[in-house]
Protein chains: 4
Amino acid sequence: MVKQLRYGVVGAGLDSFIGNVHRIAAEFDKTCVLVAGAFSTNPEKNKACKEFYELDDERVYDSYEDMAIKEGAREDGIDFVTIAAPNRVHYSVAKVFLENGIHVFCEKPLCFEEYEAEELKKIAAEKGLLFGVNYSYSGNVMVKEARERILSGEIGEVINVNAEYLQEWLIDDVEAGEDTMNKLSVWRKDPKVAGISNCVGDIGTHIEHTVSYMTGLTVKRVAAKLDYFNQPLDLNANILVEFDNGAHGVFCSSQVCVGHMNGLVVRIFGTKGAIEWQQENPNVLYVTKKGQPTQVCHRGMAYMSEYAAELNRLPSGHPEGLYVAFANMYKVWAKALLKKKNGEKLTEKDYDFPTVDAGVHGVKFTHACVESSNQDAAWVTI
Amino acid sequence: MVKQLRYGVVGAGLDSFIGNVHRIAAEFDKTCVLVAGAFSTNPEKNKACKEFYELDDERVYDSYEDMAIKEGAREDGIDFVTIAAPNRVHYSVAKVFLENGIHVFCEKPLCFEEYEAEELKKIAAEKGLLFGVNYSYSGNVMVKEARERILSGEIGEVINVNAEYLQEWLIDDVEAGEDTMNKLSVWRKDPKVAGISNCVGDIGTHIEHTVSYMTGLTVKRVAAKLDYFNQPLDLNANILVEFDNGAHGVFCSSQVCVGHMNGLVVRIFGTKGAIEWQQENPNVLYVTKKGQPTQVCHRGMAYMSEYAAELNRLPSGHPEGLYVAFANMYKVWAKALLKKKNGEKLTEKDYDFPTVDAGVHGVKFTHACVESSNQDAAWVTI
Amino acid sequence: MVKQLRYGVVGAGLDSFIGNVHRIAAEFDKTCVLVAGAFSTNPEKNKACKEFYELDDERVYDSYEDMAIKEGAREDGIDFVTIAAPNRVHYSVAKVFLENGIHVFCEKPLCFEEYEAEELKKIAAEKGLLFGVNYSYSGNVMVKEARERILSGEIGEVINVNAEYLQEWLIDDVEAGEDTMNKLSVWRKDPKVAGISNCVGDIGTHIEHTVSYMTGLTVKRVAAKLDYFNQPLDLNANILVEFDNGAHGVFCSSQVCVGHMNGLVVRIFGTKGAIEWQQENPNVLYVTKKGQPTQVCHRGMAYMSEYAAELNRLPSGHPEGLYVAFANMYKVWAKALLKKKNGEKLTEKDYDFPTVDAGVHGVKFTHACVESSNQDAAWVTI
Amino acid sequence: MVKQLRYGVVGAGLDSFIGNVHRIAAEFDKTCVLVAGAFSTNPEKNKACKEFYELDDERVYDSYEDMAIKEGAREDGIDFVTIAAPNRVHYSVAKVFLENGIHVFCEKPLCFEEYEAEELKKIAAEKGLLFGVNYSYSGNVMVKEARERILSGEIGEVINVNAEYLQEWLIDDVEAGEDTMNKLSVWRKDPKVAGISNCVGDIGTHIEHTVSYMTGLTVKRVAAKLDYFNQPLDLNANILVEFDNGAHGVFCSSQVCVGHMNGLVVRIFGTKGAIEWQQENPNVLYVTKKGQPTQVCHRGMAYMSEYAAELNRLPSGHPEGLYVAFANMYKVWAKALLKKKNGEKLTEKDYDFPTVDAGVHGVKFTHACVESSNQDAAWVTI
């Protein structure tokens, strides 16, 4: 029985903070071992990665196509690839690995275009490969706790959703005009590099996924107003949403809200209660049952649901942060993939990671928001 | 020189909590003395009020028309009337007092229909009478502090607004259907009694006014989705807004959000900073300047602006609550009216109370939201 | 049946913020009417008060002795006196009013010396007069809610107490040395004027009373370390306490803790749960039952205890602040005094105001803390 | 030049959550590689660890003495040992590794007895070995930020300290009596196994160290009241402290405070400002400068001090939790040890890990608290 997975990475050079997060997270449970990579198109940087990660020469590739082909052909080739490369190549990278029979765990967004998304989905299905998309906030134990409670009916039918993801880091762009370029964000403002949306694509999709994951609902249509402030791509978005159960809500996504660092906050209101989760204080869940006081629920306590408790790592009051959220993404992913490799049948519960379907929906959501805004916030059905 | 104002009340019988709030608030500074009233159409209740308020027999009236006429004719008649009667009679009551030359301080909403609102405005102008509308949250010192700071440019140009007013008290109505009537809210669900909107009219307008008061901006158009849950009037509303400076934002107004008591929260985002105020913790203002940590500003501290400091009553850390907000409404109102009665010219600063213009805009805002929702959230210009 | 009480005030001139708080609070329920006063020893200021309060010439006195004698002799004399004069005269004022048969409602501290405190208690008992001491924080509805819950056993036996009252306003005194005098606090640093303690006497006693009121426990002994920072009186105090049930705890009282305005925070820990109340956010109570999430309980909700609900004035989420706490002090006091005047027998529940016993204990507590600190924090039994 | 350290572990079997935290943390920066271990005295469990950690057979030892001797003798022996074994063997384990020339990184407490502590310190000095004690909370970036700010004088001279570490997990022991044993805590209640103190030794020492680390001050003497609730060891402690600069404060340490998970909260008050840090929300620092609003400072922002910024890993708003705090402990430790191994001279800044001196002081602090409590809270000088 296979107990450990070999994996490779595309992207995630040493100067990318997210690359190191992936490396550490994947190793948390010792179920995934890094054995190959195409970290950078710059050979020097690639070599530095090889040394840092202590990999064999022959398994560090200067091109991801090369890596896909060679790893696909090796007896001891990688079981899956983590794609942490720039968003603009997600599609191409994912495609070539799928085509070479390698399971894919891809950073979000899945890709830029809807047809690309659908194609990736199709190939994965045809090849019988698992495809995970790293909407990492769903790795937080308390997000899973929220999901367990909502799906079990604890807050009744969902009737209203209020969710936001507010950041401040691009505020200087608002008054920058065309000439000045905020160094940090230069690639995010170029549609060729960033896709058709900056703010919605980058963080609005996290709202969309976290809400859907927590509630089991799907966003059916959107009426969005995106603000560009004379930049090529959006920096701020206010979005009316309608879910498949008929409930409405708002998603507010911004990179220009001073005072907010990484403020993903999700509030789900139901007929029997409400649940709130805040990414910056991720170990707590606020649960209110109709007519009762709000309960401040802590991760790690005996009152947690069975499934969330299973994924819990530290005692209550000992903060689990971003690395743990990522580690949980890998834990769930690796568990499913190990089952598959060992010939076991995957149950619905095993698919507790965002699949390519979530990725496809994220791409469609982004396009719908941009299209709606272009039509002065007319409703666009996803 | 007149130093004290005589006033009367229409509505606000002893079983109305808001009536007693008005009485106490008006007396805080001893500038207003209650001398007359038409508290109830029920003579017994009216008499009980007379005794509680220790008024002369002849100045407690069973009809407000009677009161308007007689008080208007008395040498020592009331200087102004406070209208705290049911919303459906605001228009009629205000009109008859204006016609009898009496200044009006009216609970919000000003009235139901736009033509009524415009008519009241016209009469007040013709008669040279002051007309205040009690959007009481603008009486909070820290709301005034926010206004001072925003108008002085502290947060730069406003680029995004996120404001909400969430309550939970009508949650039982969501699943009540047609037959069952939530006792508390029965009149609020009847369009004849409550006007065309329940949730937006009652609390959404508070969002609209507080934001406008803080920022000096005007809501130009709205795209609103109101939820009725099979009731005759709205219980929940998510509204995209566009301001006259081009900024966008969302207003979320609800009476069915479990876990929220009276949660008016206003967040104003500008090019240089941001300001947040929460009604349930009204003595604090959260101020963030670009690139700096959020500052938790307390009412009563030396760093307050001059004008807000003038209205401050208690040392920092000694909570001022709803009664004080109301008392400040009366303080500003009485100061302006005393100036007028003493023949002084009112400056723009004296009009630091919501005038009939604010009332008119509130009525238009409510209608625009309902109309927009009826057109599936199409933009409606106010 | 008497329904309204006449009262007079000693102290509380127009430049004292607390005087106006008393006036407004006493009028909240229209059970107390101000008819007399000796507001200031400065005749001009006294006259200004007379005009502001609209009192008869003959009932505004330049000396409190005069007032006590004359009001005691009048047919329509005051039912009780509110003492809001400087602390150093509390004893003398209280004594002369008691001696003239007038009930006393005295600001805290009751007086400076233990023998004075005992004497006042004795006179009140002999004369059969009610004596209230205005530990105003116990007027907060949620403090009463805490008391109801703790006395009913909701958190089990109390095993630990952690309470603090932190302010920052005297921080400049720490480095001021002997020559410079902080203007605001000059009288507080003179033992002849302020008594033997500044910080413990002024705010430490509020901790002591609030904890005792909430729990029904009595502080039996203290081990205190007071910090003087070269000033004549204490500015900071850390106190170990032992209660009559054997439980221990700490009281921290300070006027030099930067960042804290008026931070009375009381946390009571029991065998079955815990309760926390914060004065600056007084409408909320944090209740935790063993093994369960902390509950954020709001004033005004249906889950409040019967007695606290009775005293509730505003719907949940509409903040009650300091004026309301004072108004509740008067409400409970007036209810008891009206009963007494109407010849009814007072039950234990009627004594839900801090009596002279609480005042006596406060004086003893202050002396014990100073004595302990003088003995390098040796235990001193109260 | 050596770039990576080989290390071994004593204790930390697979059922110990802290063992896995050490493994993950040590690998964060790829500076430490696990190559040996004596994980358990149970050979089966030891073997399971060997497999999980993928170690060579010959480097997994059934006895720590064996490991110390053999690793000390190997050419490629471990550079340091991490001691995560039960507290009662810390002394013996540390001693034998030191004697075999191996650097020691030991979980806190260093040991039980003062003479043991002094002996370990002496041996380390004689052998020229580094000795770290894992007071892990000092690994939090914002604790380091607090230290940088306080040592640079930002809050002036420290005049008062209020720190607490409150947990609830042993609440059932309060009423358990002698017969019943709380399964979780059984060893903690046996002085032979847990040392002379449970609550102070386990978590009170964290308060002591965190405060000393942040401020550079040393606790000079204590007056402590420990509560045993009929158990052999303390479950609750309230402690007056005096620092070497003359300032006073309180430390409150408890495992029976319902509603508190792992609540280490440190508040340092100075003549010019104050700083607060909360372990459960570790990415934030509350900084108040005299006369100014409290600033909510976020890890990862440009306003961080240079040193804290160096240790920062994730962008602001992306929570770093307990694993990162541990990783930072290892980072600082490994950096110093690598310097030493490479023949560089260590500067004071390199010793930014708790050394054996901190460990010694912690042992003395615990003894002083117990002794003080045995003498009814008399002062005991450390």
# chains A, B, ... in the order shown; residues from 1 in each chain; ligands from 1
call {"tool": "select_by_dssp", "arguments": {"residues": "segment 35-158 of chain B", "states": "helix (DSSP H, G or I)", "output": "PyMOL selection string"}}
result
chain B and resi 43-53+57-59+64-73+87-99+114-127+136-139+141-151
call {"tool": "closest_atom_pairs", "arguments": {"of": "chain B", "to": "chain C", "cutoff": "10 Å", "atoms": "only C-alpha atoms", "output": "Markdown table"}}
result
| residue | atom | partner | partner_atom | distance |
| --- | --- | --- | --- | --- |
| B:Phe17 | CA | C:Leu314 | CA | 7.1 |
| B:Ile18 | CA | C:Leu314 | CA | 8.7 |
| B:Asn20 | CA | C:Phe28 | CA | 8.6 |
| B:Val21 | CA | C:Leu314 | CA | 9.0 |
| B:Arg23 | CA | C:Phe28 | CA | 8.9 |
| B:Ile24 | CA | C:Phe28 | CA | 6.2 |
| B:Ala25 | CA | C:Ile24 | CA | 9.2 |
| B:Glu27 | CA | C:Ile24 | CA | 7.8 |
| B:Phe28 | CA | C:Ile24 | CA | 6.2 |
| B:Asp29 | CA | C:Ile24 | CA | 8.9 |
| B:Lys30 | CA | C:Phe52 | CA | 7.8 |
| B:Thr31 | CA | C:Phe52 | CA | 9.9 |
| B:Phe52 | CA | C:Lys30 | CA | 7.8 |
| B:Tyr53 | CA | C:Lys30 | CA | 8.2 |
| B:Glu54 | CA | C:Lys30 | CA | 9.7 |
| B:Gln167 | CA | C:Gly317 | CA | 8.8 |
| B:Trp169 | CA | C:Ser316 | CA | 9.8 |
| B:Gly259 | CA | C:Val296 | CA | 9.7 |
| B:His260 | CA | C:Gly317 | CA | 8.0 |
| B:Met261 | CA | C:Gly317 | CA | 4.8 |
| B:Asn262 | CA | C:Gly317 | CA | 4.5 |
| B:Gly263 | CA | C:Gly317 | CA | 7.0 |
| B:Leu264 | CA | C:Gly317 | CA | 9.4 |
| B:Gln279 | CA | C:His318 | CA | 8.0 |
| B:Glu280 | CA | C:Gly317 | CA | 5.7 |
| B:Asn281 | CA | C:Asn281 | CA | 6.9 |
| B:Pro282 | CA | C:Pro319 | CA | 8.0 |
| B:Asn283 | CA | C:Glu280 | CA | 8.8 |
| B:Val296 | CA | C:Gly259 | CA | 9.7 |
| B:His298 | CA | C:Met261 | CA | 8.2 |
| B:Arg299 | CA | C:Met261 | CA | 9.9 |
| B:Gly300 | CA | C:Met261 | CA | 9.4 |
| B:Met301 | CA | C:Met261 | CA | 9.0 |
| B:Arg313 | CA | C:Phe17 | CA | 7.7 |
| B:Leu314 | CA | C:Phe17 | CA | 7.1 |
| B:Pro315 | CA | C:Met261 | CA | 8.5 |
| B:Ser316 | CA | C:Met261 | CA | 5.8 |
| B:Gly317 | CA | C:Asn262 | CA | 4.5 |
| B:His318 | CA | C:Leu322 | CA | 6.1 |
| B:Pro319 | CA | C:Gly321 | CA | 4.7 |
| B:Glu320 | CA | C:Gly321 | CA | 5.0 |
| B:Gly321 | CA | C:Pro319 | CA | 4.7 |
| B:Leu322 | CA | C:Pro319 | CA | 5.5 |
| B:Tyr323 | CA | C:Glu320 | CA | 7.5 |
| B:Val324 | CA | C:Tyr323 | CA | 8.4 |
| B:Ala325 | CA | C:Pro319 | CA | 9.9 |
call {"tool": "closest_residue", "arguments": {"among": "A:Ala377, A:Ala176, A:Cys106, A:Val10", "to": "Ile239 of chain B", "atoms": "only C-alpha atoms"}}
result
A:Ala377
call {"tool": "residues_around", "arguments": {"residues": "Arg147 of chain D", "least_positions_apart": "2", "cutoff": "8 Å", "atoms": "only C-alpha atoms", "output": "ChimeraX atom specification"}}
result
/D:143-145,149-151,213-216
call {"tool": "select_by_dssp", "arguments": {"residues": "segment 259-326 of chain B", "states": "strand (DSSP E or B)", "output": "PyMOL selection string"}}
result
chain B and resi 263-270+273-278+284-289+294-298
call {"tool": "write_last_selection", "arguments": {"atoms": "N, CA and C atoms", "output": "mmCIF file, in the first residue's frame"}}
result
data_model
loop_
_atom_site.group_PDB
_atom_site.id
_atom_site.type_symbol
_atom_site.label_atom_id
_atom_site.label_comp_id
_atom_site.auth_asym_id
_atom_site.auth_seq_id
_atom_site.Cartn_x
_atom_site.Cartn_y
_atom_site.Cartn_z
ATOM 1 N N GLY B 263 -27.295 46.875 14.385
ATOM 2 C CA GLY B 263 -25.924 47.020 13.901
ATOM 3 C C GLY B 263 -25.740 47.969 12.743
ATOM 4 N N LEU B 264 -25.839 49.240 13.022
ATOM 5 C CA LEU B 264 -25.467 50.232 12.005
ATOM 6 C C LEU B 264 -23.948 50.386 12.041
ATOM 7 N N VAL B 265 -23.316 50.028 10.942
ATOM 8 C CA VAL B 265 -21.855 50.126 10.836
ATOM 9 C C VAL B 265 -21.524 50.851 9.536
ATOM 10 N N VAL B 266 -20.747 51.901 9.648
ATOM 11 C CA VAL B 266 -20.417 52.695 8.459
ATOM 12 C C VAL B 266 -18.907 52.711 8.270
ATOM 13 N N ARG B 267 -18.477 52.323 7.073
ATOM 14 C CA ARG B 267 -17.049 52.354 6.753
ATOM 15 C C ARG B 267 -16.844 53.168 5.486
ATOM 16 N N ILE B 268 -16.077 54.225 5.626
ATOM 17 C CA ILE B 268 -15.828 55.132 4.507
ATOM 18 C C ILE B 268 -14.365 54.991 4.115
ATOM 19 N N PHE B 269 -14.115 54.707 2.853
ATOM 20 C CA PHE B 269 -12.750 54.511 2.380
ATOM 21 C C PHE B 269 -12.351 55.634 1.424
ATOM 22 N N GLY B 270 -11.214 56.254 1.698
ATOM 23 C CA GLY B 270 -10.743 57.342 0.858
ATOM 24 C C GLY B 270 -9.362 57.057 0.306
ATOM 25 N N GLY B 273 -7.045 57.441 3.476
ATOM 26 C CA GLY B 273 -7.333 56.807 4.756
ATOM 27 C C GLY B 273 -8.740 56.278 4.805
ATOM 28 N N ALA B 274 -9.141 55.825 5.989
ATOM 29 C CA ALA B 274 -10.470 55.245 6.146
ATOM 30 C C ALA B 274 -10.985 55.520 7.545
ATOM 31 N N ILE B 275 -12.298 55.539 7.640
ATOM 32 C CA ILE B 275 -12.953 55.781 8.931
ATOM 33 C C ILE B 275 -14.082 54.789 9.106
ATOM 34 N N GLU B 276 -14.173 54.243 10.324
ATOM 35 C CA GLU B 276 -15.266 53.299 10.632
ATOM 36 C C GLU B 276 -15.950 53.702 11.924
ATOM 37 N N TRP B 277 -17.271 53.617 11.920
ATOM 38 C CA TRP B 277 -18.050 53.901 13.135
ATOM 39 C C TRP B 277 -19.111 52.826 13.292
ATOM 40 N N GLN B 278 -19.284 52.369 14.547
ATOM 41 C CA GLN B 278 -20.257 51.323 14.843
ATOM 42 C C GLN B 278 -21.251 51.843 15.875
ATOM 43 N N VAL B 284 -16.448 55.263 20.034
ATOM 44 C CA VAL B 284 -15.155 54.966 19.429
ATOM 45 C C VAL B 284 -15.227 55.240 17.931
ATOM 46 N N LEU B 285 -14.125 55.705 17.379
ATOM 47 C CA LEU B 285 -14.014 55.870 15.938
ATOM 48 C C LEU B 285 -12.713 55.221 15.515
ATOM 49 N N TYR B 286 -12.784 54.395 14.474
ATOM 50 C CA TYR B 286 -11.582 53.743 13.966
ATOM 51 C C TYR B 286 -11.074 54.543 12.774
ATOM 52 N N VAL B 287 -9.895 55.079 12.904
ATOM 53 C CA VAL B 287 -9.340 55.939 11.867
ATOM 54 C C VAL B 287 -8.026 55.323 11.385
ATOM 55 N N THR B 288 -7.906 55.126 10.088
ATOM 56 C CA THR B 288 -6.640 54.609 9.553
ATOM 57 C C THR B 288 -6.125 55.557 8.495
ATOM 58 N N LYS B 289 -4.899 55.960 8.650
ATOM 59 C CA LYS B 289 -4.276 56.744 7.592
ATOM 60 C C LYS B 289 -3.400 55.804 6.778
ATOM 61 N N THR B 294 -4.246 51.255 12.283
ATOM 62 C CA THR B 294 -5.560 51.775 12.646
ATOM 63 C C THR B 294 -5.486 52.397 14.034
ATOM 64 N N GLN B 295 -6.102 53.559 14.166
ATOM 65 C CA GLN B 295 -6.150 54.241 15.462
ATOM 66 C C GLN B 295 -7.538 54.083 16.066
ATOM 67 N N VAL B 296 -7.564 53.672 17.315
ATOM 68 C CA VAL B 296 -8.832 53.535 18.027
ATOM 69 C C VAL B 296 -9.055 54.842 18.793
ATOM 70 N N CYS B 297 -9.872 55.721 18.218
ATOM 71 C CA CYS B 297 -10.057 57.060 18.799
ATOM 72 C C CYS B 297 -11.254 57.076 19.743
ATOM 73 N N HIS B 298 -11.037 57.602 20.925
ATOM 74 C CA HIS B 298 -12.108 57.649 21.921
ATOM 75 C C HIS B 298 -12.704 59.049 22.034
#
call {"tool": "atom_distance", "arguments": {"atom1": "atom CA of Ser254 of chain B", "atom2": "atom CA of Val161 of chain A"}}
result
11.1 Å
call {"tool": "closest_atom_pairs", "arguments": {"of": "segment 68-142 of chain C", "to": "segment 352-364 of chain C", "cutoff": "7 Å", "atoms": "only C-alpha atoms", "output": "Markdown table"}}
result
| residue | atom | partner | partner_atom | distance |
| --- | --- | --- | --- | --- |
| C:Pro109 | CA | C:Gly359 | CA | 6.6 |
| C:Leu110 | CA | C:Gly359 | CA | 5.1 |
| C:Cys111 | CA | C:Val363 | CA | 6.9 |
| C:Phe112 | CA | C:Val363 | CA | 6.4 |
| C:Glu113 | CA | C:Val363 | CA | 6.7 |
| C:Glu114 | CA | C:Val363 | CA | 6.1 |
| C:Ala117 | CA | C:Val360 | CA | 5.2 |
| C:Glu118 | CA | C:Val360 | CA | 6.6 |
| C:Lys121 | CA | C:Val356 | CA | 5.9 |
| C:Phe131 | CA | C:Val356 | CA | 5.5 |
| C:Gly132 | CA | C:Thr355 | CA | 4.6 |
| C:Val133 | CA | C:Pro354 | CA | 5.3 |
| C:Asn134 | CA | C:Pro354 | CA | 6.8 |
| C:Tyr135 | CA | C:Pro354 | CA | 6.6 |
call {"tool": "residues_around", "arguments": {"residues": "Gln375 of chain A", "least_positions_apart": "4", "cutoff": "10 Å", "atoms": "only C-alpha atoms", "output": "list in words"}}
result
Ala223, Ala224, Lys225, Cys369, Val370, Glu371, Trp379 and Val380 of chain A
call {"tool": "atom_distance", "arguments": {"atom1": "atom CA of Ile78 of chain A", "atom2": "atom CA of Gly8 of chain A"}}
result
6.1 Å
call {"tool": "atom_distance", "arguments": {"atom1": "atom CA of Arg88 of chain C", "atom2": "atom CA of Lys192 of chain C"}}
result
7.7 Å
call {"tool": "residues_around", "arguments": {"residues": "Lys127 of chain A", "least_positions_apart": "2", "cutoff": "12 Å", "atoms": "only C-alpha atoms", "output": "JSON, numbers by chain"}}
result
{"A": [95, 97, 98, 99, 100, 101, 102, 103, 104, 120, 121, 122, 123, 124, 125, 129, 130, 131]}
call {"tool": "closest_residue", "arguments": {"among": "B:Cys32, B:Gly13, B:Phe39, B:Ala302", "to": "Lys335 of chain B", "atoms": "only C-alpha atoms"}}
result
B:Cys32
call {"tool": "closest_residue", "arguments": {"among": "C:Asp79, C:Asp234, C:Glu154, C:Asp190", "to": "Trp333 of chain C", "atoms": "only C-alpha atoms"}}
result
C:Asp79
call {"tool": "residues_around", "arguments": {"residues": "Arg6 of chain B", "least_positions_apart": "3", "cutoff": "12 Å", "atoms": "only C-alpha atoms", "output": "PyMOL selection string"}}
result
chain B and resi 2-3+9+26-27+30-37+59+71+74-82+102-103+334+337-338+341
call {"tool": "decode", "arguments": {"residues": "segment 135-155 of chain B", "atoms": "N, CA and C atoms", "output": "PDB file, in the first residue's frame"}}
result
ATOM      1  N   TYR B 135     -32.902  62.081  12.227  1.00  0.00           N
ATOM      2  CA  TYR B 135     -31.985  60.970  11.953  1.00  0.00           C
ATOM      3  C   TYR B 135     -31.014  60.946  13.118  1.00  0.00           C
ATOM      4  N   SER B 136     -31.431  60.268  14.174  1.00  0.00           N
ATOM      5  CA  SER B 136     -30.801  60.486  15.476  1.00  0.00           C
ATOM      6  C   SER B 136     -29.343  60.033  15.551  1.00  0.00           C
ATOM      7  N   TYR B 137     -28.941  59.098  14.694  1.00  0.00           N
ATOM      8  CA  TYR B 137     -27.557  58.626  14.818  1.00  0.00           C
ATOM      9  C   TYR B 137     -26.545  59.719  14.516  1.00  0.00           C
ATOM     10  N   SER B 138     -26.987  60.715  13.746  1.00  0.00           N
ATOM     11  CA  SER B 138     -26.063  61.822  13.475  1.00  0.00           C
ATOM     12  C   SER B 138     -25.868  62.697  14.710  1.00  0.00           C
ATOM     13  N   GLY B 139     -26.585  62.410  15.784  1.00  0.00           N
ATOM     14  CA  GLY B 139     -26.358  63.126  17.037  1.00  0.00           C
ATOM     15  C   GLY B 139     -25.179  62.580  17.825  1.00  0.00           C
ATOM     16  N   ASN B 140     -24.674  61.425  17.435  1.00  0.00           N
ATOM     17  CA  ASN B 140     -23.518  60.872  18.155  1.00  0.00           C
ATOM     18  C   ASN B 140     -22.269  61.725  17.908  1.00  0.00           C
ATOM     19  N   VAL B 141     -21.578  62.020  18.980  1.00  0.00           N
ATOM     20  CA  VAL B 141     -20.397  62.872  18.875  1.00  0.00           C
ATOM     21  C   VAL B 141     -19.379  62.288  17.901  1.00  0.00           C
ATOM     22  N   MET B 142     -19.198  60.979  17.915  1.00  0.00           N
ATOM     23  CA  MET B 142     -18.175  60.399  17.054  1.00  0.00           C
ATOM     24  C   MET B 142     -18.609  60.356  15.585  1.00  0.00           C
ATOM     25  N   VAL B 143     -19.887  60.440  15.317  1.00  0.00           N
ATOM     26  CA  VAL B 143     -20.332  60.612  13.936  1.00  0.00           C
ATOM     27  C   VAL B 143     -19.956  62.016  13.474  1.00  0.00           C
ATOM     28  N   LYS B 144     -20.132  62.965  14.357  1.00  0.00           N
ATOM     29  CA  LYS B 144     -19.740  64.340  14.023  1.00  0.00           C
ATOM     30  C   LYS B 144     -18.219  64.437  13.860  1.00  0.00           C
ATOM     31  N   GLU B 145     -17.513  63.721  14.726  1.00  0.00           N
ATOM     32  CA  GLU B 145     -16.048  63.682  14.591  1.00  0.00           C
ATOM     33  C   GLU B 145     -15.653  63.117  13.221  1.00  0.00           C
ATOM     34  N   ALA B 146     -16.321  62.046  12.827  1.00  0.00           N
ATOM     35  CA  ALA B 146     -16.039  61.459  11.515  1.00  0.00           C
ATOM     36  C   ALA B 146     -16.286  62.486  10.421  1.00  0.00           C
ATOM     37  N   ARG B 147     -17.407  63.175  10.514  1.00  0.00           N
ATOM     38  CA  ARG B 147     -17.747  64.200   9.509  1.00  0.00           C
ATOM     39  C   ARG B 147     -16.679  65.297   9.452  1.00  0.00           C
ATOM     40  N   GLU B 148     -16.293  65.780  10.618  1.00  0.00           N
ATOM     41  CA  GLU B 148     -15.273  66.835  10.649  1.00  0.00           C
ATOM     42  C   GLU B 148     -14.005  66.375   9.945  1.00  0.00           C
ATOM     43  N   ARG B 149     -13.597  65.154  10.248  1.00  0.00           N
ATOM     44  CA  ARG B 149     -12.353  64.644   9.682  1.00  0.00           C
ATOM     45  C   ARG B 149     -12.467  64.425   8.173  1.00  0.00           C
ATOM     46  N   ILE B 150     -13.575  63.857   7.752  1.00  0.00           N
ATOM     47  CA  ILE B 150     -13.723  63.566   6.321  1.00  0.00           C
ATOM     48  C   ILE B 150     -13.828  64.872   5.532  1.00  0.00           C
ATOM     49  N   LEU B 151     -14.638  65.808   6.035  1.00  0.00           N
ATOM     50  CA  LEU B 151     -14.803  67.068   5.293  1.00  0.00           C
ATOM     51  C   LEU B 151     -13.500  67.866   5.257  1.00  0.00           C
ATOM     52  N   SER B 152     -12.663  67.678   6.262  1.00  0.00           N
ATOM     53  CA  SER B 152     -11.386  68.407   6.271  1.00  0.00           C
ATOM     54  C   SER B 152     -10.346  67.713   5.386  1.00  0.00           C
ATOM     55  N   GLY B 153     -10.714  66.603   4.792  1.00  0.00           N
ATOM     56  CA  GLY B 153      -9.804  65.949   3.847  1.00  0.00           C
ATOM     57  C   GLY B 153      -8.890  64.904   4.464  1.00  0.00           C
ATOM     58  N   GLU B 154      -9.128  64.555   5.710  1.00  0.00           N
ATOM     59  CA  GLU B 154      -8.207  63.633   6.380  1.00  0.00           C
ATOM     60  C   GLU B 154      -8.064  62.286   5.682  1.00  0.00           C
ATOM     61  N   ILE B 155      -9.120  61.808   5.073  1.00  0.00           N
ATOM     62  CA  ILE B 155      -9.002  60.510   4.378  1.00  0.00           C
ATOM     63  C   ILE B 155      -8.982  60.689   2.852  1.00  0.00           C
TER      64      ILE B 155
END
